[in-house]
file target.txt (compact mmCIF, C-alpha atoms and all ligand atoms)
# COMPACT_ATOMS: atom_id res chain seq x y z
CA MET Y 233 0.00 0.00 0.00
CA LYS Y 234 1.31 3.46 -0.90
CA PRO Y 235 2.69 5.65 1.92
CA ILE Y 236 0.59 8.70 2.72
CA LYS Y 237 1.99 11.97 1.41
CA LEU Y 238 2.11 14.08 4.55
CA GLY Y 239 2.83 17.74 5.29
CA LEU Y 240 3.65 19.02 8.78
CA ILE Y 241 2.88 22.50 10.14
CA GLY Y 242 4.75 23.69 13.25
CA CYS Y 243 8.38 22.55 13.53
CA GLY Y 244 8.73 22.94 17.32
CA ILE Y 245 9.51 20.60 20.19
CA ALA Y 246 6.67 18.13 19.73
CA ALA Y 247 7.29 17.82 15.98
CA ARG Y 248 10.99 17.19 16.56
CA LYS Y 249 10.92 15.00 19.68
CA LEU Y 250 7.60 13.18 19.38
CA HIS Y 251 6.19 13.17 15.85
CA TRP Y 252 9.32 12.78 13.78
CA PRO Y 253 10.68 9.75 15.74
CA ALA Y 254 7.30 8.01 15.26
CA LEU Y 255 7.04 8.93 11.57
CA LYS Y 256 10.60 7.74 10.99
CA GLU Y 257 9.59 4.31 12.25
CA LEU Y 258 6.62 4.29 9.89
CA LYS Y 259 8.43 5.08 6.65
CA ASP Y 260 6.38 2.46 4.81
CA LYS Y 261 3.22 4.36 5.82
CA TYR Y 262 4.24 8.03 5.64
CA ASP Y 263 6.22 10.12 3.24
CA LEU Y 264 6.85 13.47 4.98
CA CYS Y 265 7.12 15.60 1.83
CA VAL Y 266 7.02 19.17 3.12
CA VAL Y 267 7.22 21.03 6.40
CA CYS Y 268 6.17 24.53 7.45
CA ASN Y 269 7.17 26.94 10.19
CA HIS Y 270 6.56 30.69 10.10
CA THR Y 271 10.17 31.33 11.16
CA GLU Y 272 12.33 30.25 8.28
CA THR Y 273 15.32 28.93 10.26
CA LYS Y 274 13.11 26.52 12.18
CA ALA Y 275 11.44 25.31 8.99
CA LYS Y 276 14.79 24.83 7.28
CA ASP Y 277 16.41 23.02 10.25
CA PHE Y 278 13.49 20.68 10.57
CA ALA Y 279 13.42 20.00 6.81
CA ASN Y 280 17.11 19.06 7.07
CA LEU Y 281 16.43 16.79 10.04
CA VAL Y 282 13.72 14.89 8.17
CA GLY Y 283 15.71 14.34 5.00
CA GLY Y 284 16.33 17.66 3.30
CA GLY Y 285 12.98 18.01 1.52
CA PRO Y 286 11.18 21.28 0.83
CA PHE Y 287 9.98 23.72 3.48
CA VAL Y 288 7.63 26.73 3.44
CA THR Y 289 6.94 29.54 5.87
CA ASP Y 290 3.27 30.08 4.98
CA TYR Y 291 1.01 27.17 5.75
CA GLN Y 292 -1.46 28.20 3.02
CA GLU Y 293 1.28 27.45 0.51
CA LEU Y 294 1.62 23.95 1.94
CA LEU Y 295 -2.15 23.40 1.76
CA GLN Y 296 -2.15 24.26 -1.93
CA MET Y 297 0.19 21.39 -2.81
CA PRO Y 298 -2.04 18.99 -4.77
CA GLU Y 299 0.06 15.90 -4.06
CA LEU Y 300 -0.38 16.20 -0.27
CA GLU Y 301 -2.99 13.86 1.17
CA ALA Y 302 -2.77 14.67 4.86
CA VAL Y 303 -1.48 17.31 7.25
CA ASP Y 304 0.00 16.98 10.74
CA ILE Y 305 -0.71 20.15 12.79
CA VAL Y 306 1.71 20.71 15.70
CA LEU Y 307 1.13 24.38 16.49
CA PRO Y 308 0.41 26.58 19.51
CA ILE Y 309 -3.12 25.52 20.44
CA ASN Y 310 -4.82 28.86 19.76
CA LEU Y 311 -4.13 28.22 16.04
CA ASN Y 312 -5.69 24.75 15.95
CA TYR Y 313 -9.18 25.84 14.93
CA GLN Y 314 -8.23 28.04 12.00
CA VAL Y 315 -5.48 25.84 10.60
CA THR Y 316 -7.59 22.67 10.95
CA ARG Y 317 -10.51 24.32 9.16
CA ASP Y 318 -8.27 25.59 6.35
CA THR Y 319 -6.71 22.13 6.01
CA LEU Y 320 -10.09 20.43 5.74
CA GLU Y 321 -11.30 23.12 3.29
CA ALA Y 322 -8.24 22.24 1.18
CA GLY Y 323 -9.47 18.62 1.13
CA LYS Y 324 -6.67 17.12 3.22
CA HIS Y 325 -6.96 14.61 6.07
CA VAL Y 326 -5.92 16.11 9.37
CA ILE Y 327 -4.19 15.00 12.56
CA VAL Y 328 -3.95 17.85 15.08
CA GLU Y 329 -2.20 17.89 18.44
CA LYS Y 330 -4.05 18.03 21.76
CA PRO Y 331 -5.75 19.87 23.37
CA LEU Y 332 -8.29 20.29 20.59
CA ALA Y 333 -8.41 24.07 21.03
CA ALA Y 334 -7.65 26.91 23.39
CA ASN Y 335 -11.30 27.38 24.38
CA LEU Y 336 -14.57 25.48 24.27
CA SER Y 337 -16.11 27.70 21.63
CA ASP Y 338 -13.40 26.83 19.07
CA ALA Y 339 -13.44 23.22 20.23
CA LYS Y 340 -17.19 23.00 19.68
CA LYS Y 341 -16.85 24.31 16.13
CA MET Y 342 -14.13 21.73 15.54
CA ALA Y 343 -16.31 18.93 16.91
CA SER Y 344 -18.94 19.97 14.32
CA PHE Y 345 -16.39 19.31 11.55
CA GLU Y 346 -17.20 15.60 12.02
CA GLU Y 347 -20.37 16.08 9.93
CA LYS Y 348 -19.12 18.86 7.69
CA TYR Y 349 -15.99 17.30 6.16
CA ALA Y 350 -15.55 13.80 4.79
CA CYS Y 351 -11.77 13.75 5.32
CA VAL Y 352 -10.28 11.91 8.29
CA LYS Y 353 -10.11 14.07 11.41
CA MET Y 354 -8.08 12.93 14.36
CA VAL Y 355 -6.56 14.42 17.51
CA ALA Y 356 -3.07 13.29 18.46
CA GLU Y 357 -4.09 12.37 22.02
CA ASN Y 358 -1.46 9.72 22.66
CA TYR Y 359 -2.98 8.59 25.98
CA ARG Y 360 -5.68 6.82 23.98
CA TYR Y 361 -2.91 4.73 22.41
CA ARG Y 362 -0.40 4.27 25.25
CA PRO Y 363 0.48 0.58 25.59
CA GLY Y 364 0.45 0.80 29.42
CA LEU Y 365 -3.11 2.17 29.53
CA LYS Y 366 -4.26 -0.25 26.84
CA ARG Y 367 -2.92 -3.17 28.91
CA ILE Y 368 -4.68 -1.87 32.02
CA LYS Y 369 -7.94 -1.64 30.12
CA GLN Y 370 -7.47 -5.25 29.05
CA LEU Y 371 -6.85 -6.31 32.67
CA LEU Y 372 -9.96 -4.44 33.83
CA ASP Y 373 -12.07 -5.83 31.00
CA THR Y 374 -11.01 -9.38 31.89
CA ASN Y 375 -12.04 -8.82 35.50
CA THR Y 376 -8.51 -9.22 36.94
CA ILE Y 377 -9.31 -7.06 39.99
CA GLY Y 378 -13.09 -7.42 39.94
CA LYS Y 379 -15.33 -4.41 39.54
CA PRO Y 380 -13.26 -1.23 39.97
CA TYR Y 381 -14.58 1.29 42.50
CA ALA Y 382 -11.79 3.86 42.94
CA VAL Y 383 -8.92 5.37 40.97
CA PHE Y 384 -6.04 7.60 42.10
CA TRP Y 385 -3.66 9.21 39.64
CA ASN Y 386 -0.71 11.18 40.99
CA HIS Y 387 1.48 13.11 38.63
CA PHE Y 388 4.19 14.95 40.53
CA ALA Y 389 6.89 16.51 38.39
CA LEU Y 390 9.10 19.55 38.18
CA VAL Y 391 8.47 21.92 35.31
CA ASP Y 392 10.37 25.13 35.95
CA GLU Y 393 11.56 28.09 33.91
CA ASN Y 394 14.36 25.95 32.42
CA ASN Y 395 12.01 23.35 31.01
CA PRO Y 396 11.98 23.68 27.21
CA TYR Y 397 8.18 23.39 27.08
CA ALA Y 398 7.82 26.14 29.70
CA ARG Y 399 10.02 28.37 27.57
CA THR Y 400 7.65 28.36 24.60
CA ALA Y 401 6.03 31.80 24.45
CA TRP Y 402 2.50 30.47 23.97
CA ARG Y 403 2.71 28.47 27.20
CA ILE Y 404 4.35 31.11 29.36
CA ASN Y 405 1.99 33.84 28.18
CA HIS Y 406 -0.84 31.42 27.79
CA GLN Y 407 -4.13 32.73 26.45
CA TYR Y 408 -6.07 29.67 27.62
CA GLN Y 409 -7.42 28.77 31.01
CA GLY Y 410 -5.34 26.56 33.29
CA GLY Y 411 -1.85 26.87 31.79
CA PHE Y 412 0.18 23.70 32.37
CA ILE Y 413 -2.71 22.04 34.16
CA THR Y 414 -4.81 22.18 30.98
CA ASP Y 415 -1.84 21.27 28.80
CA ALA Y 416 -0.92 18.19 30.88
CA GLY Y 417 -4.24 17.40 32.52
CA VAL Y 418 -6.16 16.90 29.30
CA HIS Y 419 -3.99 13.78 28.80
CA ASN Y 420 -5.00 12.35 32.19
CA ILE Y 421 -8.67 13.11 31.53
CA ALA Y 422 -8.40 11.32 28.16
CA GLY Y 423 -6.69 8.38 29.88
CA LEU Y 424 -9.35 8.17 32.61
CA ARG Y 425 -12.18 8.42 30.10
CA PHE Y 426 -10.50 5.73 28.01
CA LEU Y 427 -10.30 3.36 31.01
CA PHE Y 428 -13.64 4.06 32.67
CA ALA Y 429 -17.01 5.58 31.88
CA ASP Y 430 -17.23 9.32 31.38
CA ILE Y 431 -16.49 11.70 34.27
CA GLU Y 432 -19.76 13.08 35.51
CA CYS Y 433 -19.00 15.55 38.31
CA GLY Y 434 -16.25 16.70 40.63
CA THR Y 435 -14.67 19.37 42.76
CA THR Y 436 -11.21 20.87 42.64
CA LEU Y 437 -8.54 22.49 44.79
CA MET Y 438 -5.81 24.31 42.91
CA LYS Y 439 -3.07 26.86 43.30
CA SER Y 440 -0.02 28.41 41.74
CA VAL Y 441 3.30 27.59 43.44
CA ASN Y 442 5.61 28.93 40.74
CA SER Y 443 3.91 31.79 38.92
CA HIS Y 444 6.77 31.91 36.41
CA ILE Y 445 5.34 28.94 34.54
CA GLY Y 446 1.81 30.24 34.13
CA GLU Y 447 -1.34 30.84 36.12
CA LEU Y 448 -1.63 27.37 37.66
CA ASP Y 449 0.63 24.41 38.43
CA SER Y 450 -1.01 22.47 41.28
CA PHE Y 451 -4.37 20.75 41.00
CA SER Y 452 -6.38 18.16 42.95
CA PHE Y 453 -9.55 16.99 41.26
CA GLN Y 454 -11.98 14.68 43.08
CA PHE Y 455 -14.53 13.18 40.74
CA LEU Y 456 -17.14 10.55 40.11
CA THR Y 457 -17.54 8.62 36.87
CA LYS Y 458 -20.88 7.71 35.34
CA ASN Y 459 -20.50 4.16 36.64
CA ASN Y 460 -19.85 5.41 40.18
CA ILE Y 461 -16.07 5.07 40.38
CA HIS Y 462 -14.54 7.53 42.85
CA GLY Y 463 -11.49 9.28 41.51
CA SER Y 464 -8.69 11.56 42.53
CA LEU Y 465 -6.41 13.20 39.99
CA ASN Y 466 -3.46 15.13 41.41
CA ILE Y 467 -1.23 17.09 39.07
CA PHE Y 468 1.56 19.06 40.76
CA VAL Y 469 4.16 20.21 38.27
CA SER Y 470 6.21 22.32 40.67
CA THR Y 471 7.28 19.36 42.82
CA HIS Y 472 10.82 19.49 44.18
CA GLY Y 473 12.14 16.15 45.36
CA PHE Y 474 9.82 13.19 44.97
CA ALA Y 475 8.50 12.84 41.44
CA GLU Y 476 6.02 10.19 40.42
CA ASN Y 477 3.53 9.28 37.78
CA ARG Y 478 1.46 6.59 39.40
CA LEU Y 479 -2.01 5.30 38.65
CA LEU Y 480 -3.69 3.08 41.25
CA ILE Y 481 -7.03 1.36 40.69
CA LEU Y 482 -8.95 -0.42 43.45
CA GLY Y 483 -11.36 -3.21 42.57
CA HIS Y 484 -13.54 -5.51 44.66
CA GLU Y 485 -11.13 -8.43 44.08
CA GLY Y 486 -7.77 -6.67 44.07
CA SER Y 487 -5.91 -3.61 42.94
CA LEU Y 488 -3.53 -2.63 40.19
CA ARG Y 489 -0.92 0.02 39.71
CA LEU Y 490 0.82 1.54 36.71
CA GLU Y 491 4.13 3.17 37.49
CA ASP Y 492 5.98 4.46 34.44
CA SER Y 493 6.23 1.30 32.34
CA ARG Y 494 5.51 -1.31 35.04
CA ILE Y 495 2.16 -2.78 35.95
CA PHE Y 496 1.61 -4.44 39.34
CA VAL Y 497 -1.47 -6.45 40.27
CA LYS Y 498 -2.39 -7.95 43.65
CA THR Y 499 -5.61 -9.82 44.24
CA LYS Y 500 -7.31 -11.09 47.35
CA SER Y 501 -6.97 -14.65 46.07
CA GLY Y 502 -3.19 -14.19 46.21
CA LYS Y 503 -2.61 -13.79 42.49
CA ASN Y 504 0.25 -11.34 41.96
CA LEU Y 505 1.46 -10.05 38.66
CA GLU Y 506 4.24 -7.72 37.69
CA GLU Y 507 4.92 -6.91 34.07
CA GLU Y 508 6.88 -4.49 32.00
CA VAL Y 509 4.90 -2.81 29.25
CA ASN Y 510 6.20 -1.14 26.16
CA ASN Y 511 7.17 2.34 27.35
CA ASP Y 512 6.27 3.83 24.00
CA LYS Y 513 4.02 6.78 24.76
CA GLY Y 514 1.60 5.99 21.96
CA TYR Y 515 2.88 8.38 19.25
CA LYS Y 516 3.62 5.60 16.77
CA GLU Y 517 0.29 3.92 17.54
CA GLU Y 518 -1.64 7.13 16.88
CA PHE Y 519 -0.05 7.52 13.45
CA GLU Y 520 -0.88 3.83 12.76
CA ASP Y 521 -4.52 4.61 13.56
CA PHE Y 522 -4.48 7.67 11.29
CA PHE Y 523 -3.07 5.51 8.48
CA GLN Y 524 -5.76 2.83 8.93
CA ALA Y 525 -8.46 5.52 8.86
CA ILE Y 526 -7.15 7.07 5.64
CA ARG Y 527 -6.32 3.90 3.74
CA HIS Y 528 -9.01 1.54 5.07
CA GLY Y 529 -11.78 3.87 6.24
CA ASN Y 530 -11.64 2.69 9.86
CA PRO Y 531 -13.04 5.13 12.44
CA VAL Y 532 -10.28 6.79 14.49
CA ILE Y 533 -10.06 6.07 18.21
CA SER Y 534 -9.13 9.66 19.06
CA SER Y 535 -11.93 11.62 17.39
CA PHE Y 536 -12.64 15.35 17.63
CA ALA Y 537 -15.75 14.46 19.65
CA GLU Y 538 -13.67 12.63 22.29
CA ALA Y 539 -11.15 15.48 22.43
CA TYR Y 540 -13.96 17.99 22.82
CA ARG Y 541 -15.26 16.08 25.83
CA ASP Y 542 -11.72 15.83 27.34
CA LEU Y 543 -11.43 19.59 27.14
CA GLU Y 544 -14.93 20.14 28.51
CA VAL Y 545 -14.07 17.99 31.55
CA ILE Y 546 -10.72 19.68 32.30
CA PHE Y 547 -12.25 23.16 31.95
CA GLY Y 548 -15.22 21.95 34.02
CA ALA Y 549 -12.78 20.82 36.73
CA LEU Y 550 -11.03 24.20 36.65
CA ASN Y 551 -14.37 25.95 37.04
CA ALA Y 552 -15.83 23.56 39.59
CA GLY Y 553 -17.41 25.31 42.53
CA GLN Y 554 -16.49 24.14 46.00
CA SER Y 555 -18.78 23.91 48.94
CA TRP Y 556 -17.05 23.50 52.26
CA ARG Y 557 -18.17 22.25 55.61
CA ARG Y 558 -16.41 23.87 58.58
CA PHE Y 559 -15.49 21.42 61.36
P1 LIG Y 601 6.38 24.74 20.08
O1 LIG Y 601 7.73 24.15 20.37
O2 LIG Y 601 6.14 26.14 20.38
O3 LIG Y 601 6.04 24.44 18.56
C1 LIG Y 601 5.09 25.15 17.81
C2 LIG Y 601 5.75 25.56 16.51
O4 LIG Y 601 4.78 26.20 15.68
C3 LIG Y 601 6.90 26.54 16.72
O5 LIG Y 601 8.02 26.09 16.01
C4 LIG Y 601 6.35 27.86 16.13
O6 LIG Y 601 7.38 28.66 15.59
C5 LIG Y 601 5.42 27.33 15.06
N1 LIG Y 601 4.42 28.28 14.62
C6 LIG Y 601 3.74 29.18 15.38
N2 LIG Y 601 2.86 29.86 14.62
C7 LIG Y 601 2.98 29.37 13.37
C8 LIG Y 601 2.34 29.68 12.14
N3 LIG Y 601 1.37 30.60 12.04
N4 LIG Y 601 2.71 28.99 11.03
C9 LIG Y 601 3.68 28.07 11.10
N5 LIG Y 601 4.34 27.76 12.23
C10 LIG Y 601 3.98 28.39 13.36
O7 LIG Y 601 5.27 23.90 20.87
P2 LIG Y 601 5.23 22.32 21.10
O8 LIG Y 601 5.68 22.02 22.46
O9 LIG Y 601 5.88 21.64 19.96
O10 LIG Y 601 3.65 22.06 21.06
C11 LIG Y 601 2.96 22.03 19.84
C12 LIG Y 601 1.68 21.21 20.02
O11 LIG Y 601 2.03 19.89 20.45
C13 LIG Y 601 0.72 21.73 21.08
O12 LIG Y 601 -0.59 21.44 20.68
C14 LIG Y 601 1.04 20.90 22.31
O13 LIG Y 601 -0.03 20.78 23.22
C15 LIG Y 601 1.34 19.57 21.65
N6 LIG Y 601 2.18 18.69 22.47
C16 LIG Y 601 1.75 17.41 22.69
C17 LIG Y 601 2.49 16.56 23.45
C18 LIG Y 601 2.02 15.15 23.65
O14 LIG Y 601 2.57 14.43 24.48
N7 LIG Y 601 1.03 14.70 22.89
C19 LIG Y 601 3.70 16.99 24.03
C20 LIG Y 601 4.11 18.29 23.75
C21 LIG Y 601 3.35 19.14 22.98
P3 LIG Y 601 8.08 29.79 16.49
O15 LIG Y 601 8.61 29.10 17.71
O16 LIG Y 601 9.13 30.32 15.60
O17 LIG Y 601 7.01 30.79 16.83

call {"tool": "encode", "arguments": {"input": "target.txt", "output": "structure tokens"}}
result
Amino acid sequence: MKPIKLGLIGCGIAARKLHWPALKELKDKYDLCVVCNHTETKAKDFANLVGGGPFVTDYQELLQMPELEAVDIVLPINLNYQVTRDTLEAGKHVIVEKPLAANLSDAKKMASFEEKYACVKMVAENYRYRPGLKRIKQLLDTNTIGKPYAVFWNHFALVDENNPYARTAWRINHQYQGGFITDAGVHNIAGLRFLFADIECGTTLMKSVNSHIGELDSFSFQFLTKNNIHGSLNIFVSTHGFAENRLLILGHEGSLRLEDSRIFVKTKSGKNLEEEVNNDKGYKEEFEDFFQAIRHGNPVISSFAEAYRDLEVIFGALNAGQSWRRF
């Protein structure tokens, strides 16, 4: 089957560190023919990295290339709506990075593209493809720990002014609610919604510890899923010292934990399991899904509708009212 002729818009960190390594492994499926960045040096450097092909500085020029079948959009998120719409108007399939948009109004318009355009539309939400989460879903679906009733996800990390992501202008001077909490948290929400039923309601405590990285960096979200699972999502990205990314699920017959790339299961019948999962973060898998959708017409796992709901939940959590009982 012929590789897909792909163009890429936005030659920044994610394109370089996440998309290109995945695309390089899928050379039989993708031919990255042209790249675009509005600053010429970045476009040129990235074009050299990916094989020395052509580059442009105006994305409209890229969209006019008749040979291109699909476009990978890896831009600051406030541009997602306009560039996605222009790409679909140009008749190209689109994969656009998460979060879907910088606000719910743009995101809603993008969700309506599902009916408006026949081309494939997909959001590069890698948590829907991460091997570790897929394995956990399999273990839950096969009743390994019985019916789950609670989930705890702790993500403690240090993102300071020296972090390359924090140094991107659109994150530091972010024009979207939640700063790093939205940027990172939308992944966790997607992961939780992938594993369980939808998140129905919740309440949140949050604060800013290091105001140099945006309006918010510390967030505790207590929630309930539609099937009555209690949840706690803690994202603290100004953590000095102990870092962790640990997901713990309690079921009626046991519990399971995902820590980086290791899964641990303990059940009340004494069955213990410890396994290493592929630590791939799902970038290759998402491009595989995009390929299947374009060449075979399969529906994508990470649709605009799912990404819209992820964003609605994270913004809902940020806006959640709190009612307190004084003891
Ligand atoms: P970034 O490094 O700032 O990259 C964005 C690039 O777009 C920059 O090179 C920027 O150029 C360029 N650009 C801005 N406006 C443009 C325009 N009008 N036309 C062409 N190019 C333009 O940001 P990033 O960290 O790569 O993030 C990009 C996207 O990836 C975001 O949606 C982010 O949420 C997502 N992301 C996802 C993951 C994940 O795990 N899935 C991880 C990281 C990022 P200048 O710098 O010259 O302005």

call {"tool": "atom_distance", "arguments": {"input": "target.txt", "atom1": "CA of Asn312 in chain Y", "atom2": "CA of Met342 in chain Y"}}
result
9.0 Å

call {"tool": "closest_atom_pairs", "arguments": {"input": "target.txt", "of": "chain Y", "to": "ligand LIG 601 (chain Y)", "cutoff": "6 Å", "atoms": "only C-alpha atoms and all ligand atoms", "output": "tab-separated table"}}
result
residue	atom	partner	partner_atom	distance
Y:Ile241	CA	Y:LIG601	C9	5.7
Y:Gly242	CA	Y:LIG601	O4	3.5
Y:Cys243	CA	Y:LIG601	O5	4.3
Y:Gly244	CA	Y:LIG601	O3	3.3
Y:Ile245	CA	Y:LIG601	O9	3.8
Y:Ala246	CA	Y:LIG601	O9	3.6
Y:Ala247	CA	Y:LIG601	O9	5.7
Y:Cys268	CA	Y:LIG601	C9	5.7
Y:Asn269	CA	Y:LIG601	N5	3.6
Y:His270	CA	Y:LIG601	C9	4.0
Y:Thr271	CA	Y:LIG601	O16	4.7
Y:Tyr291	CA	Y:LIG601	N4	5.8
Y:Val306	CA	Y:LIG601	C12	4.3
Y:Leu307	CA	Y:LIG601	O4	4.2
Y:Pro308	CA	Y:LIG601	C13	5.1
Y:Ile309	CA	Y:LIG601	O12	4.8
Y:Glu329	CA	Y:LIG601	O12	4.5
Y:Lys330	CA	Y:LIG601	O12	5.0
Y:Pro331	CA	Y:LIG601	O13	5.8
Y:Glu357	CA	Y:LIG601	N7	5.7
Y:Asn358	CA	Y:LIG601	N7	5.6
Y:Tyr397	CA	Y:LIG601	O8	5.4
Y:Thr400	CA	Y:LIG601	O2	5.0
Y:Asp415	CA	Y:LIG601	O13	5.9

call {"tool": "residues_around", "arguments": {"input": "target.txt", "residues": "range 402-410 of chain Y", "least_positions_apart": "6", "cutoff": "12 Å", "atoms": "all atoms listed in the file", "output": "PyMOL selection string"}}
result
chain Y and resi 244+307-311+331-338+391-396+416-418+438-440+442-451+467+543-544+546-551

call {"tool": "closest_residue", "arguments": {"input": "target.txt", "among": "Y:Gly284, Y:Gly434, Y:Gly323, Y:Pro363", "to": "Glu518 in chain Y", "atoms": "all atoms listed in the file"}}
result
Y:Pro363

call {"tool": "closest_residue", "arguments": {"input": "target.txt", "among": "Y:Ala350, Y:Ala539, Y:Ile526, Y:Ala275", "to": "Ala422 in chain Y", "atoms": "all atoms listed in the file"}}
result
Y:Ala539

call {"tool": "closest_residue", "arguments": {"input": "target.txt", "among": "Y:Phe536, Y:Phe474, Y:Tyr361, Y:Phe287", "to": "Leu427 in chain Y", "atoms": "all atoms listed in the file"}}
result
Y:Tyr361

call {"tool": "residues_near_point", "arguments": {"input": "target.txt", "point": "(-3.1, 4.1, 6.9)", "cutoff": "12 Å", "atoms": "only C-alpha atoms", "output": "PyMOL selection string"}}
result
chain Y and resi 233-238+258-263+301-302+325+352+517-532

call {"tool": "write_last_selection", "arguments": {"input": "target.txt", "atoms": "C-alpha atoms", "output": "tab-separated table (two decimals), keeping the file's coordinate frame"}}
result
chain	number	residue	atom	x	y	z
Y	233	MET	CA	0.00	0.00	0.00
Y	234	LYS	CA	1.31	3.46	-0.90
Y	235	PRO	CA	2.69	5.65	1.92
Y	236	ILE	CA	0.59	8.70	2.72
Y	237	LYS	CA	1.99	11.97	1.41
Y	238	LEU	CA	2.11	14.08	4.55
Y	258	LEU	CA	6.62	4.29	9.89
Y	259	LYS	CA	8.43	5.08	6.65
Y	260	ASP	CA	6.38	2.46	4.81
Y	261	LYS	CA	3.22	4.36	5.82
Y	262	TYR	CA	4.24	8.03	5.64
Y	263	ASP	CA	6.22	10.12	3.24
Y	301	GLU	CA	-2.99	13.86	1.17
Y	302	ALA	CA	-2.77	14.67	4.86
Y	325	HIS	CA	-6.96	14.61	6.07
Y	352	VAL	CA	-10.28	11.91	8.29
Y	517	GLU	CA	0.29	3.92	17.54
Y	518	GLU	CA	-1.64	7.13	16.88
Y	519	PHE	CA	-0.05	7.52	13.45
Y	520	GLU	CA	-0.88	3.83	12.76
Y	521	ASP	CA	-4.52	4.61	13.56
Y	522	PHE	CA	-4.48	7.67	11.29
Y	523	PHE	CA	-3.07	5.51	8.48
Y	524	GLN	CA	-5.76	2.83	8.93
Y	525	ALA	CA	-8.46	5.52	8.86
Y	526	ILE	CA	-7.15	7.07	5.64
Y	527	ARG	CA	-6.32	3.90	3.74
Y	528	HIS	CA	-9.01	1.54	5.07
Y	529	GLY	CA	-11.78	3.87	6.24
Y	530	ASN	CA	-11.64	2.69	9.86
Y	531	PRO	CA	-13.04	5.13	12.44
Y	532	VAL	CA	-10.28	6.79	14.49

call {"tool": "residues_around", "arguments": {"input": "target.txt", "residues": "Leu482 in chain Y", "least_positions_apart": "4", "cutoff": "7 Å", "atoms": "all atoms listed in the file", "output": "NGL selection string"}}
result
:Y and (380-383 or 486-488)

call {"tool": "closest_residue", "arguments": {"input": "target.txt", "among": "Y:Met297, Y:Trp252, Y:Thr319, Y:Val545", "to": "Thr436 in chain Y", "atoms": "all atoms listed in the file"}}
result
Y:Val545

call {"tool": "closest_residue", "arguments": {"input": "target.txt", "among": "Y:Phe384, Y:Phe278, Y:Tyr313, Y:Trp556", "to": "Gln454 in chain Y", "atoms": "only C-alpha atoms"}}
result
Y:Phe384

call {"tool": "residues_around", "arguments": {"input": "target.txt", "residues": "Gln296 in chain Y", "least_positions_apart": "6", "cutoff": "12 Å", "atoms": "all atoms listed in the file", "output": "number ranges by chain"}}
result
Y: 239, 266, 288, 290, 302-303, 318-324
